[in-house]
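> Handing you this structure, nothing more for now.
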There are 2 protein chains.
Amino acid sequence: MQELFISSRKNETLKAAAKLLTSSEVRREQGAYLAEGARLCRDAARSGVSIKTLFYTESAGKKYPEYLGELRETAETVYRLADHAGELLSGTKSTQGIFCVCAVKKRKTEEIPRNHCLALENIQDPGNLGTVLRTAEALGLGSVLLCGECCDLYAPKVLRASMGAVFRLPVFFFPALSDAAALLSARGFQSFAAVPDNGAIPVTKAEFSHPTLMAVGNEGNGLSREAIEACREKITIPMLGRAESLNAAASASILMWEMMRGGMPDGMA
Amino acid sequence: MQELFISSRKNETLKAAAKLLTSSEVRREQGAYLAEGARLCRDAARSGVSIKTLFYTESAGKKYPEYLGELRETAETVYRLADHAGELLSGTKSTQGIFCVCAVKKRKTEEIPRNHCLALENIQDPGNLGTVLRTAEALGLGSVLLCGECCDLYAPKVLRASMGAVFRLPVFFFPALSDAAALLSARGFQSFAAVPDNGAIPVTKAEFSHPTLMAVGNEGNGLSREAIEACREKITIPMLGRAESLNAAASASILMWEMMRGGMPDGMA
């Protein structure tokens with residue numbers, strides 16, 4: 001494959017790619033996002049993500065020949081960059097100089113697997129979202145649903161914190177959590193709204209033998225009233241300590257763990 | 001109480017306090033650390049932390065009169081700062097302009113409560129440490145033990161991420177995890193080393209009716225061999241998904257949750 005060389009930070013192709021780094025609007029318009037780093041880009045390639053463009057700096061060319069060999073095989077177009085031009089694409093202080101423009105994988109809600117799923121409402125912090133996705137993948141959840149006004153799934157911080165889970169875990173979008181709950185209830189899912197309320201079902205007493213939607217709210221405010229009402233049951237994490245201290249990511253970890261600790265729901269492999 | 005005014009960034013008292021922000025060595029030498037922010041400083045005061053000095057900027061004086069009223073009652077010395085001088089004490093981009101020099105609370109290992117504890121070995125990331133402390137407090141663990149080369153408990157990022165748990169949760173220090181395991185074994189604690197090993201006891205099968213030391217390792221490398229050997233049993237989190245994806249903070253959350261989900265150990269309130 002022919003590799004083009006970019007020496008100037010004013011190059012139009014480079015400037016267009018840099019916009020994918022900073023603007024969620026541009027990402028949405030183009031249906032693409034930018035992954036950075038040797039390991040993360042290779043993860044994307046190995047996870048079957050469609051890589052439109054590979055950019056790598058001259059330094060990276062010397063330092064990461066194996067990673068680049070693998071990436072060249074899947075990328076549609078390849079650009080070699082002068083080191084100073086590469087900085088334009090980087091969201092980190094010390095860049096490895098490897099960047100991939102990845103195509104967003106479109107998923108239809110019909111594809112939501114009949115397995116436990118976590119529905120997040122209005123989650124704001126990219127680090128939290130990335131960590132939750134990473135944990136969801138580790139524990140073997142079927143999918144994650146992003147509902148309402150969540151931070152952008154393809155923001156650089158989410159990609160990094162997820163350690164590549166963004167590429168592999170099926171993620172679906174809903175304008176409101178109530179839409180997700182209605183759709184999955186109709187398909188036989190049970191649904192729980194996580195609330196800090198001693199009157200709710202303790203998660204240790206709940207049954208997860210059926211496919212389950214577990215709804216978790218925003219970092220500061222928890223779930224909206226509308227979301228809570230859309231779920232069949234309320235659920236809570238019984239705590240012996242200072243309950244208000246549990247943050248959204250830790251709550252989500254424990255709830256996902258409780259869903260999965262007894263094994264997969266009935267009818268799953 | 002008389003309040004002194006500092007207008008210059010070259011003031012020696014101010015410069016000495018600023019060193020507590022950046023240097024863990026200075027914190028250790030002086031047995032003191034710097035807390036920043038209206039809420040965090042008030043948390044320190046309400047948690048019984050000894051506050052040697054309160055600094056607040058003129059802007060903060062107008063914006064946070066209630067917080068400052070409470071802090072003035074406990075602080076030994078109070079300084080009002082010109083706004084530009086306050087920036088010297090801040091570790092954040094947009095400071096609230098309230099800072100407290102807090103005395104490190106010395107704890108003896110004899111004070112370790114007879115309740116479940118988490119022992120961390122060589123944990124490096126301040127954000128992770130803070131989050132783990134916050135979760136430990138929420139779930140009601142008795143203590144956290146920092147073993148080996150952990151990041152500084154009093155680093156600004158740890159304080160922030162812990163949401164004040166640093167002030168309340170008993171934390172103890174050990175040169176090596178094996179020292180902690182030996183001491184607590186002699187006091188009748190059971191001990192588990194968390195490992196990613198299918199041959200270990202699944203955490204869902206373990207009994208936590210006795211006071212337990214749960215050892216969790218470093219983000220990248222897990223527990224040292226020496227630490228694993230010092231614990232009586234090996235324990236693991238059985239996972240259906242991509243197990244290598246679970247990070248140290250999420251693993252610790254799930255292990256702490258499993259210790260606490262059946263209630264306090266025997267002999268505890």
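Within each chain, counting starts at residue 1; across the structure tokens, chains are named A, B, ... in the order shown, with ligands numbered 1 upward in that order.
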Put chain A on top of chain B with a least-squares fit on all C-alpha atoms, paired in order, and send it back as a PDB file with C-alpha atoms, in the first residue's frame.

ATOM      1  CA  MET A   1      -9.255  35.306  66.688  1.00  0.00           C
ATOM      2  CA  GLN A   2      -6.871  37.644  64.967  1.00  0.00           C
ATOM      3  CA  GLU A   3      -6.638  37.026  61.214  1.00  0.00           C
ATOM      4  CA  LEU A   4      -3.450  37.919  59.432  1.00  0.00           C
ATOM      5  CA  PHE A   5      -3.458  39.076  55.822  1.00  0.00           C
ATOM      6  CA  ILE A   6      -1.047  37.788  53.169  1.00  0.00           C
ATOM      7  CA  SER A   7      -0.807  39.790  49.971  1.00  0.00           C
ATOM      8  CA  SER A   8       2.400  38.420  48.465  1.00  0.00           C
ATOM      9  CA  ARG A   9       3.124  35.071  46.882  1.00  0.00           C
ATOM     10  CA  LYS A  10       6.590  35.399  48.364  1.00  0.00           C
ATOM     11  CA  ASN A  11       5.306  35.214  51.931  1.00  0.00           C
ATOM     12  CA  GLU A  12       7.237  32.490  53.784  1.00  0.00           C
ATOM     13  CA  THR A  13       4.237  30.990  55.581  1.00  0.00           C
ATOM     14  CA  LEU A  14       2.440  30.671  52.269  1.00  0.00           C
ATOM     15  CA  LYS A  15       5.447  29.160  50.526  1.00  0.00           C
ATOM     16  CA  ALA A  16       5.837  26.591  53.309  1.00  0.00           C
ATOM     17  CA  ALA A  17       2.176  25.573  52.978  1.00  0.00           C
ATOM     18  CA  ALA A  18       2.512  25.311  49.195  1.00  0.00           C
ATOM     19  CA  LYS A  19       5.256  22.732  49.658  1.00  0.00           C
ATOM     20  CA  LEU A  20       2.727  20.485  51.395  1.00  0.00           C
ATOM     21  CA  LEU A  21       0.764  20.480  48.161  1.00  0.00           C
ATOM     22  CA  THR A  22       3.540  19.228  45.948  1.00  0.00           C
ATOM     23  CA  SER A  23       5.958  17.232  48.075  1.00  0.00           C
ATOM     24  CA  SER A  24       5.171  13.977  49.842  1.00  0.00           C
ATOM     25  CA  GLU A  25       8.558  14.275  51.556  1.00  0.00           C
ATOM     26  CA  VAL A  26       7.654  17.598  53.111  1.00  0.00           C
ATOM     27  CA  ARG A  27       4.310  16.145  54.183  1.00  0.00           C
ATOM     28  CA  ARG A  28       6.099  13.257  55.874  1.00  0.00           C
ATOM     29  CA  GLU A  29       8.703  15.476  57.577  1.00  0.00           C
ATOM     30  CA  GLN A  30       6.108  17.851  58.956  1.00  0.00           C
ATOM     31  CA  GLY A  31       3.396  15.297  59.690  1.00  0.00           C
ATOM     32  CA  ALA A  32       0.943  17.557  57.889  1.00  0.00           C
ATOM     33  CA  TYR A  33      -0.901  17.888  54.581  1.00  0.00           C
ATOM     34  CA  LEU A  34      -2.983  20.413  52.705  1.00  0.00           C
ATOM     35  CA  ALA A  35      -6.710  19.984  52.047  1.00  0.00           C
ATOM     36  CA  GLU A  36      -8.385  22.191  49.436  1.00  0.00           C
ATOM     37  CA  GLY A  37     -12.002  23.128  48.868  1.00  0.00           C
ATOM     38  CA  ALA A  38     -14.950  24.297  50.968  1.00  0.00           C
ATOM     39  CA  ARG A  39     -16.581  20.909  51.331  1.00  0.00           C
ATOM     40  CA  LEU A  40     -13.397  18.862  51.812  1.00  0.00           C
ATOM     41  CA  CYS A  41     -12.033  21.257  54.475  1.00  0.00           C
ATOM     42  CA  ARG A  42     -15.348  21.215  56.331  1.00  0.00           C
ATOM     43  CA  ASP A  43     -15.334  17.415  56.114  1.00  0.00           C
ATOM     44  CA  ALA A  44     -11.902  17.436  57.742  1.00  0.00           C
ATOM     45  CA  ALA A  45     -13.107  19.669  60.572  1.00  0.00           C
ATOM     46  CA  ARG A  46     -16.258  17.630  61.166  1.00  0.00           C
ATOM     47  CA  SER A  47     -14.280  14.387  61.140  1.00  0.00           C
ATOM     48  CA  GLY A  48     -12.136  15.568  64.048  1.00  0.00           C
ATOM     49  CA  VAL A  49      -8.995  16.245  62.029  1.00  0.00           C
ATOM     50  CA  SER A  50      -6.698  18.714  63.777  1.00  0.00           C
ATOM     51  CA  ILE A  51      -6.532  21.833  61.582  1.00  0.00           C
ATOM     52  CA  LYS A  52      -3.376  23.815  62.182  1.00  0.00           C
ATOM     53  CA  THR A  53      -3.938  26.613  59.680  1.00  0.00           C
ATOM     54  CA  LEU A  54      -6.846  27.880  57.625  1.00  0.00           C
ATOM     55  CA  PHE A  55      -6.086  29.944  54.515  1.00  0.00           C
ATOM     56  CA  TYR A  56      -8.871  31.596  52.558  1.00  0.00           C
ATOM     57  CA  THR A  57      -8.867  34.088  49.717  1.00  0.00           C
ATOM     58  CA  GLU A  58     -10.804  37.353  49.754  1.00  0.00           C
ATOM     59  CA  SER A  59     -13.161  35.951  47.095  1.00  0.00           C
ATOM     60  CA  ALA A  60     -13.792  32.853  49.203  1.00  0.00           C
ATOM     61  CA  GLY A  61     -14.540  35.108  52.164  1.00  0.00           C
ATOM     62  CA  LYS A  62     -17.499  36.547  50.254  1.00  0.00           C
ATOM     63  CA  LYS A  63     -18.627  33.289  48.676  1.00  0.00           C
ATOM     64  CA  TYR A  64     -18.398  30.765  51.518  1.00  0.00           C
ATOM     65  CA  PRO A  65     -19.132  32.587  54.815  1.00  0.00           C
ATOM     66  CA  GLU A  66     -20.868  29.553  56.379  1.00  0.00           C
ATOM     67  CA  TYR A  67     -18.105  27.101  55.620  1.00  0.00           C
ATOM     68  CA  LEU A  68     -15.520  29.583  56.868  1.00  0.00           C
ATOM     69  CA  GLY A  69     -17.454  30.260  60.057  1.00  0.00           C
ATOM     70  CA  GLU A  70     -17.299  26.592  60.933  1.00  0.00           C
ATOM     71  CA  LEU A  71     -13.634  26.280  59.955  1.00  0.00           C
ATOM     72  CA  ARG A  72     -12.556  29.335  61.983  1.00  0.00           C
ATOM     73  CA  GLU A  73     -13.851  27.661  65.124  1.00  0.00           C
ATOM     74  CA  THR A  74     -11.456  24.736  64.808  1.00  0.00           C
ATOM     75  CA  ALA A  75      -8.386  26.217  63.093  1.00  0.00           C
ATOM     76  CA  GLU A  76      -5.438  27.211  65.305  1.00  0.00           C
ATOM     77  CA  THR A  77      -4.354  30.036  62.982  1.00  0.00           C
ATOM     78  CA  VAL A  78      -6.208  31.842  60.207  1.00  0.00           C
ATOM     79  CA  TYR A  79      -4.803  33.742  57.217  1.00  0.00           C
ATOM     80  CA  ARG A  80      -6.762  35.770  54.711  1.00  0.00           C
ATOM     81  CA  LEU A  81      -5.091  35.813  51.284  1.00  0.00           C
ATOM     82  CA  ALA A  82      -5.109  38.088  48.271  1.00  0.00           C
ATOM     83  CA  ASP A  83      -6.721  36.042  45.469  1.00  0.00           C
ATOM     84  CA  HIS A  84      -3.533  35.810  43.413  1.00  0.00           C
ATOM     85  CA  ALA A  85      -1.628  34.576  46.460  1.00  0.00           C
ATOM     86  CA  GLY A  86      -4.202  31.820  46.978  1.00  0.00           C
ATOM     87  CA  GLU A  87      -3.396  30.301  43.603  1.00  0.00           C
ATOM     88  CA  LEU A  88      -0.085  29.166  45.044  1.00  0.00           C
ATOM     89  CA  LEU A  89      -1.883  26.654  47.261  1.00  0.00           C
ATOM     90  CA  SER A  90      -4.180  25.240  44.620  1.00  0.00           C
ATOM     91  CA  GLY A  91      -3.856  21.920  42.825  1.00  0.00           C
ATOM     92  CA  THR A  92      -6.931  22.516  40.647  1.00  0.00           C
ATOM     93  CA  LYS A  93      -7.726  24.742  37.699  1.00  0.00           C
ATOM     94  CA  SER A  94     -10.552  26.672  39.322  1.00  0.00           C
ATOM     95  CA  THR A  95      -9.914  26.932  43.024  1.00  0.00           C
ATOM     96  CA  GLN A  96     -12.553  27.761  45.631  1.00  0.00           C
ATOM     97  CA  GLY A  97      -9.830  29.497  47.617  1.00  0.00           C
ATOM     98  CA  ILE A  98     -10.156  27.572  50.890  1.00  0.00           C
ATOM     99  CA  PHE A  99      -7.205  25.553  52.192  1.00  0.00           C
ATOM    100  CA  CYS A 100      -6.427  23.823  55.482  1.00  0.00           C
ATOM    101  CA  VAL A 101      -3.131  22.569  56.813  1.00  0.00           C
ATOM    102  CA  CYS A 102      -4.150  19.352  58.592  1.00  0.00           C
ATOM    103  CA  ALA A 103      -2.137  17.315  61.077  1.00  0.00           C
ATOM    104  CA  VAL A 104      -1.578  13.678  60.157  1.00  0.00           C
ATOM    105  CA  LYS A 105      -3.302  11.477  62.689  1.00  0.00           C
ATOM    106  CA  LYS A 106      -0.821   8.916  63.980  1.00  0.00           C
ATOM    107  CA  ARG A 107      -2.301   5.472  64.457  1.00  0.00           C
ATOM    108  CA  LYS A 108      -0.677   2.462  66.071  1.00  0.00           C
ATOM    109  CA  THR A 109      -1.192  -0.977  64.577  1.00  0.00           C
ATOM    110  CA  GLU A 110      -2.616  -2.077  67.941  1.00  0.00           C
ATOM    111  CA  GLU A 111      -5.633   0.029  67.028  1.00  0.00           C
ATOM    112  CA  ILE A 112      -6.556  -2.024  63.934  1.00  0.00           C
ATOM    113  CA  PRO A 113     -10.189  -2.916  64.574  1.00  0.00           C
ATOM    114  CA  ARG A 114     -11.321  -6.545  64.729  1.00  0.00           C
ATOM    115  CA  ASN A 115     -13.304  -6.167  61.521  1.00  0.00           C
ATOM    116  CA  HIS A 116     -12.693  -6.854  57.849  1.00  0.00           C
ATOM    117  CA  CYS A 117      -9.799  -4.950  56.329  1.00  0.00           C
ATOM    118  CA  LEU A 118      -8.395  -4.401  52.874  1.00  0.00           C
ATOM    119  CA  ALA A 119      -4.604  -4.564  52.457  1.00  0.00           C
ATOM    120  CA  LEU A 120      -3.266  -2.844  49.351  1.00  0.00           C
ATOM    121  CA  GLU A 121       0.231  -3.571  48.075  1.00  0.00           C
ATOM    122  CA  ASN A 122       2.163  -1.040  45.978  1.00  0.00           C
ATOM    123  CA  ILE A 123      -0.936   0.740  44.688  1.00  0.00           C
ATOM    124  CA  GLN A 124       0.309   3.538  42.451  1.00  0.00           C
ATOM    125  CA  ASP A 125      -2.561   5.625  41.145  1.00  0.00           C
ATOM    126  CA  PRO A 126      -3.845   8.325  43.542  1.00  0.00           C
ATOM    127  CA  GLY A 127      -7.292   8.311  41.893  1.00  0.00           C
ATOM    128  CA  ASN A 128      -7.589   4.550  42.409  1.00  0.00           C
ATOM    129  CA  LEU A 129      -6.481   4.793  46.031  1.00  0.00           C
ATOM    130  CA  GLY A 130      -8.978   7.580  46.759  1.00  0.00           C
ATOM    131  CA  THR A 131     -11.834   5.676  45.105  1.00  0.00           C
ATOM    132  CA  VAL A 132     -11.019   2.477  46.986  1.00  0.00           C
ATOM    133  CA  LEU A 133     -10.976   4.335  50.312  1.00  0.00           C
ATOM    134  CA  ARG A 134     -14.325   5.925  49.473  1.00  0.00           C
ATOM    135  CA  THR A 135     -15.842   2.522  48.678  1.00  0.00           C
ATOM    136  CA  ALA A 136     -14.305   0.930  51.790  1.00  0.00           C
ATOM    137  CA  GLU A 137     -15.954   3.578  53.937  1.00  0.00           C
ATOM    138  CA  ALA A 138     -19.305   3.250  52.165  1.00  0.00           C
ATOM    139  CA  LEU A 139     -19.380  -0.520  52.627  1.00  0.00           C
ATOM    140  CA  GLY A 140     -18.342  -0.317  56.266  1.00  0.00           C
ATOM    141  CA  LEU A 141     -14.912  -1.964  56.323  1.00  0.00           C
ATOM    142  CA  GLY A 142     -12.995  -1.545  59.546  1.00  0.00           C
ATOM    143  CA  SER A 143      -9.706  -0.356  58.073  1.00  0.00           C
ATOM    144  CA  VAL A 144      -7.395  -0.186  55.081  1.00  0.00           C
ATOM    145  CA  LEU A 145      -3.732  -1.186  55.267  1.00  0.00           C
ATOM    146  CA  LEU A 146      -1.239   0.409  52.875  1.00  0.00           C
ATOM    147  CA  CYS A 147       1.672  -1.962  52.335  1.00  0.00           C
ATOM    148  CA  GLY A 148       4.951  -1.616  50.455  1.00  0.00           C
ATOM    149  CA  GLU A 149       5.408   1.328  48.098  1.00  0.00           C
ATOM    150  CA  CYS A 150       1.956   2.858  47.818  1.00  0.00           C
ATOM    151  CA  CYS A 151       1.327   6.382  46.580  1.00  0.00           C
ATOM    152  CA  ASP A 152       1.060   8.997  49.325  1.00  0.00           C
ATOM    153  CA  LEU A 153      -2.223   8.835  51.254  1.00  0.00           C
ATOM    154  CA  TYR A 154      -2.173  12.607  51.646  1.00  0.00           C
ATOM    155  CA  ALA A 155      -1.604  13.545  48.000  1.00  0.00           C
ATOM    156  CA  PRO A 156      -4.204  16.103  46.803  1.00  0.00           C
ATOM    157  CA  LYS A 157      -5.687  13.663  44.271  1.00  0.00           C
ATOM    158  CA  VAL A 158      -6.195  10.963  46.896  1.00  0.00           C
ATOM    159  CA  LEU A 159      -7.940  13.426  49.219  1.00  0.00           C
ATOM    160  CA  ARG A 160     -10.255  14.592  46.419  1.00  0.00           C
ATOM    161  CA  ALA A 161     -11.105  11.131  45.074  1.00  0.00           C
ATOM    162  CA  SER A 162     -11.730   9.795  48.580  1.00  0.00           C
ATOM    163  CA  MET A 163     -14.406  12.462  49.184  1.00  0.00           C
ATOM    164  CA  GLY A 164     -13.136  12.831  52.737  1.00  0.00           C
ATOM    165  CA  ALA A 165     -12.865   9.101  53.528  1.00  0.00           C
ATOM    166  CA  VAL A 166      -9.156   9.747  54.269  1.00  0.00           C
ATOM    167  CA  PHE A 167     -10.265  11.770  57.307  1.00  0.00           C
ATOM    168  CA  ARG A 168     -12.547   9.096  58.722  1.00  0.00           C
ATOM    169  CA  LEU A 169     -11.404   5.634  57.733  1.00  0.00           C
ATOM    170  CA  PRO A 170      -8.626   4.136  59.870  1.00  0.00           C
ATOM    171  CA  VAL A 171      -5.602   3.616  57.591  1.00  0.00           C
ATOM    172  CA  PHE A 172      -2.427   1.840  58.710  1.00  0.00           C
ATOM    173  CA  PHE A 173       1.004   1.498  57.125  1.00  0.00           C
ATOM    174  CA  PHE A 174       3.238  -1.550  56.773  1.00  0.00           C
ATOM    175  CA  PRO A 175       6.651  -1.869  55.106  1.00  0.00           C
ATOM    176  CA  ALA A 176       5.488  -5.144  53.509  1.00  0.00           C
ATOM    177  CA  LEU A 177       2.169  -6.920  53.178  1.00  0.00           C
ATOM    178  CA  SER A 178       3.684  -9.977  54.820  1.00  0.00           C
ATOM    179  CA  ASP A 179       4.177  -7.941  58.018  1.00  0.00           C
ATOM    180  CA  ALA A 180       0.489  -7.050  58.032  1.00  0.00           C
ATOM    181  CA  ALA A 181      -0.561 -10.655  57.368  1.00  0.00           C
ATOM    182  CA  ALA A 182       1.679 -11.974  60.147  1.00  0.00           C
ATOM    183  CA  LEU A 183       0.412  -9.453  62.689  1.00  0.00           C
ATOM    184  CA  LEU A 184      -3.260 -10.028  61.921  1.00  0.00           C
ATOM    185  CA  SER A 185      -2.933 -13.813  61.666  1.00  0.00           C
ATOM    186  CA  ALA A 186      -1.541 -13.758  65.184  1.00  0.00           C
ATOM    187  CA  ARG A 187      -4.680 -11.897  66.228  1.00  0.00           C
ATOM    188  CA  GLY A 188      -6.985 -14.500  64.700  1.00  0.00           C
ATOM    189  CA  PHE A 189      -7.732 -12.882  61.345  1.00  0.00           C
ATOM    190  CA  GLN A 190      -8.083 -15.090  58.304  1.00  0.00           C
ATOM    191  CA  SER A 191      -6.194 -13.819  55.243  1.00  0.00           C
ATOM    192  CA  PHE A 192      -6.823 -14.042  51.510  1.00  0.00           C
ATOM    193  CA  ALA A 193      -4.602 -13.053  48.600  1.00  0.00           C
ATOM    194  CA  ALA A 194      -6.605 -11.953  45.548  1.00  0.00           C
ATOM    195  CA  VAL A 195      -5.197 -13.587  42.411  1.00  0.00           C
ATOM    196  CA  PRO A 196      -6.420 -14.121  38.850  1.00  0.00           C
ATOM    197  CA  ASP A 197      -6.160 -17.897  39.148  1.00  0.00           C
ATOM    198  CA  ASN A 198      -8.933 -20.389  38.498  1.00  0.00           C
ATOM    199  CA  GLY A 199      -7.424 -22.738  41.055  1.00  0.00           C
ATOM    200  CA  ALA A 200      -8.030 -20.273  43.891  1.00  0.00           C
ATOM    201  CA  ILE A 201     -11.170 -20.217  46.060  1.00  0.00           C
ATOM    202  CA  PRO A 202     -13.987 -18.371  44.263  1.00  0.00           C
ATOM    203  CA  VAL A 203     -14.930 -15.366  46.389  1.00  0.00           C
ATOM    204  CA  THR A 204     -18.545 -16.524  46.237  1.00  0.00           C
ATOM    205  CA  LYS A 205     -17.589 -19.723  48.127  1.00  0.00           C
ATOM    206  CA  ALA A 206     -15.511 -18.085  50.852  1.00  0.00           C
ATOM    207  CA  GLU A 207     -16.745 -17.572  54.403  1.00  0.00           C
ATOM    208  CA  PHE A 208     -16.356 -14.139  55.959  1.00  0.00           C
ATOM    209  CA  SER A 209     -17.810 -14.778  59.403  1.00  0.00           C
ATOM    210  CA  HIS A 210     -14.402 -14.063  60.953  1.00  0.00           C
ATOM    211  CA  PRO A 211     -12.371 -10.858  60.728  1.00  0.00           C
ATOM    212  CA  THR A 212     -10.581 -11.021  57.386  1.00  0.00           C
ATOM    213  CA  LEU A 213      -7.565  -9.447  55.735  1.00  0.00           C
ATOM    214  CA  MET A 214      -8.122  -9.218  51.969  1.00  0.00           C
ATOM    215  CA  ALA A 215      -4.908  -8.500  50.045  1.00  0.00           C
ATOM    216  CA  VAL A 216      -5.117  -6.759  46.654  1.00  0.00           C
ATOM    217  CA  GLY A 217      -2.096  -5.966  44.514  1.00  0.00           C
ATOM    218  CA  ASN A 218      -0.710  -3.327  42.250  1.00  0.00           C
ATOM    219  CA  GLU A 219      -2.585  -2.124  39.135  1.00  0.00           C
ATOM    220  CA  GLY A 220      -0.229  -3.678  36.629  1.00  0.00           C
ATOM    221  CA  ASN A 221       1.356  -6.637  38.346  1.00  0.00           C
ATOM    222  CA  GLY A 222      -1.019  -7.833  41.030  1.00  0.00           C
ATOM    223  CA  LEU A 223       0.328  -9.103  44.356  1.00  0.00           C
ATOM    224  CA  SER A 224       3.984  -9.982  44.867  1.00  0.00           C
ATOM    225  CA  ARG A 225       4.814 -13.644  45.405  1.00  0.00           C
ATOM    226  CA  GLU A 226       5.923 -12.825  48.922  1.00  0.00           C
ATOM    227  CA  ALA A 227       2.536 -11.270  49.693  1.00  0.00           C
ATOM    228  CA  ILE A 228       0.621 -14.225  48.252  1.00  0.00           C
ATOM    229  CA  GLU A 229       2.664 -16.668  50.329  1.00  0.00           C
ATOM    230  CA  ALA A 230       2.063 -14.647  53.482  1.00  0.00           C
ATOM    231  CA  CYS A 231      -1.708 -15.095  53.200  1.00  0.00           C
ATOM    232  CA  ARG A 232      -3.403 -18.335  54.282  1.00  0.00           C
ATOM    233  CA  GLU A 233      -5.579 -18.733  51.186  1.00  0.00           C
ATOM    234  CA  LYS A 234      -5.781 -17.586  47.591  1.00  0.00           C
ATOM    235  CA  ILE A 235      -9.063 -16.125  46.404  1.00  0.00           C
ATOM    236  CA  THR A 236     -10.374 -15.124  42.983  1.00  0.00           C
ATOM    237  CA  ILE A 237     -13.306 -13.352  41.347  1.00  0.00           C
ATOM    238  CA  PRO A 238     -14.984 -15.831  38.991  1.00  0.00           C
ATOM    239  CA  MET A 239     -15.823 -13.998  35.765  1.00  0.00           C
ATOM    240  CA  LEU A 240     -17.838 -14.914  32.724  1.00  0.00           C
ATOM    241  CA  GLY A 241     -16.339 -12.188  30.548  1.00  0.00           C
ATOM    242  CA  ARG A 242     -12.901 -10.939  29.665  1.00  0.00           C
ATOM    243  CA  ALA A 243     -11.320 -11.334  33.061  1.00  0.00           C
ATOM    244  CA  GLU A 244      -8.118  -9.457  32.309  1.00  0.00           C
ATOM    245  CA  SER A 245     -10.226  -6.350  31.916  1.00  0.00           C
ATOM    246  CA  LEU A 246     -11.129  -5.925  35.573  1.00  0.00           C
ATOM    247  CA  ASN A 247      -8.998  -3.155  37.054  1.00  0.00           C
ATOM    248  CA  ALA A 248      -7.594  -2.953  40.581  1.00  0.00           C
ATOM    249  CA  ALA A 249     -10.225  -0.533  41.906  1.00  0.00           C
ATOM    250  CA  ALA A 250     -13.136  -2.548  40.482  1.00  0.00           C
ATOM    251  CA  SER A 251     -11.651  -5.812  41.810  1.00  0.00           C
ATOM    252  CA  ALA A 252     -11.219  -4.248  45.228  1.00  0.00           C
ATOM    253  CA  SER A 253     -14.842  -3.000  45.164  1.00  0.00           C
ATOM    254  CA  ILE A 254     -16.205  -6.450  44.410  1.00  0.00           C
ATOM    255  CA  LEU A 255     -13.991  -8.178  46.988  1.00  0.00           C
ATOM    256  CA  MET A 256     -14.924  -5.673  49.701  1.00  0.00           C
ATOM    257  CA  TRP A 257     -18.582  -6.042  48.787  1.00  0.00           C
ATOM    258  CA  GLU A 258     -18.359  -9.835  49.090  1.00  0.00           C
ATOM    259  CA  MET A 259     -16.730  -9.521  52.507  1.00  0.00           C
ATOM    260  CA  MET A 260     -19.478  -7.216  53.746  1.00  0.00           C
ATOM    261  CA  ARG A 261     -22.578  -8.527  51.972  1.00  0.00           C
ATOM    262  CA  GLY A 262     -23.356 -11.109  54.623  1.00  0.00           C
ATOM    263  CA  GLY A 263     -23.055  -8.548  57.419  1.00  0.00           C
ATOM    264  CA  MET A 264     -20.330  -7.784  59.942  1.00  0.00           C
ATOM    265  CA  PRO A 265     -18.027 -10.609  61.111  1.00  0.00           C
ATOM    266  CA  ASP A 266     -18.800 -12.374  64.390  1.00  0.00           C
ATOM    267  CA  GLY A 267     -18.073 -10.373  67.483  1.00  0.00           C
ATOM    268  CA  MET A 268     -18.647  -7.000  65.789  1.00  0.00           C
ATOM    269  CA  ALA A 269     -21.501  -4.614  66.444  1.00  0.00           C
TER     270      ALA A 269
END
> As a VMD selection string, please: every residue in region 119-169 of chain B that a backbone DSSP assignment puts in alpha helix (DSSP H).
chain B and resid 126 to 139 156 to 162 165 to 168
> Go ahead and write the selection's residues with C-alpha atoms as a CSV table (one decimal), in the first residue's frame.

chain,number,residue,atom,x,y,z
B,126,PRO,CA,-3.9,8.3,43.5
B,127,GLY,CA,-7.3,8.3,41.9
B,128,ASN,CA,-7.6,4.6,42.4
B,129,LEU,CA,-6.5,4.8,46.0
B,130,GLY,CA,-9.0,7.6,46.8
B,131,THR,CA,-11.8,5.7,45.1
B,132,VAL,CA,-11.0,2.5,47.0
B,133,LEU,CA,-11.0,4.3,50.3
B,134,ARG,CA,-14.3,5.9,49.5
B,135,THR,CA,-15.8,2.5,48.7
B,136,ALA,CA,-14.3,0.9,51.8
B,137,GLU,CA,-15.9,3.6,53.9
B,138,ALA,CA,-19.3,3.2,52.2
B,139,LEU,CA,-19.4,-0.5,52.6
B,156,PRO,CA,-4.2,16.1,46.8
B,157,LYS,CA,-5.7,13.7,44.3
B,158,VAL,CA,-6.2,11.0,46.9
B,159,LEU,CA,-8.0,13.4,49.2
B,160,ARG,CA,-10.3,14.6,46.4
B,161,ALA,CA,-11.1,11.1,45.1
B,162,SER,CA,-11.7,9.8,48.6
B,165,ALA,CA,-12.9,9.1,53.5
B,166,VAL,CA,-9.2,9.7,54.3
B,167,PHE,CA,-10.3,11.8,57.3
B,168,ARG,CA,-12.5,9.1,58.7
> Mind listing the strand (DSSP E) residues of region 125-219 of chain B, per DSSP on the backbone, as number ranges by chain?
B: 143-147, 171-174, 190-194, 201-202, 212-216
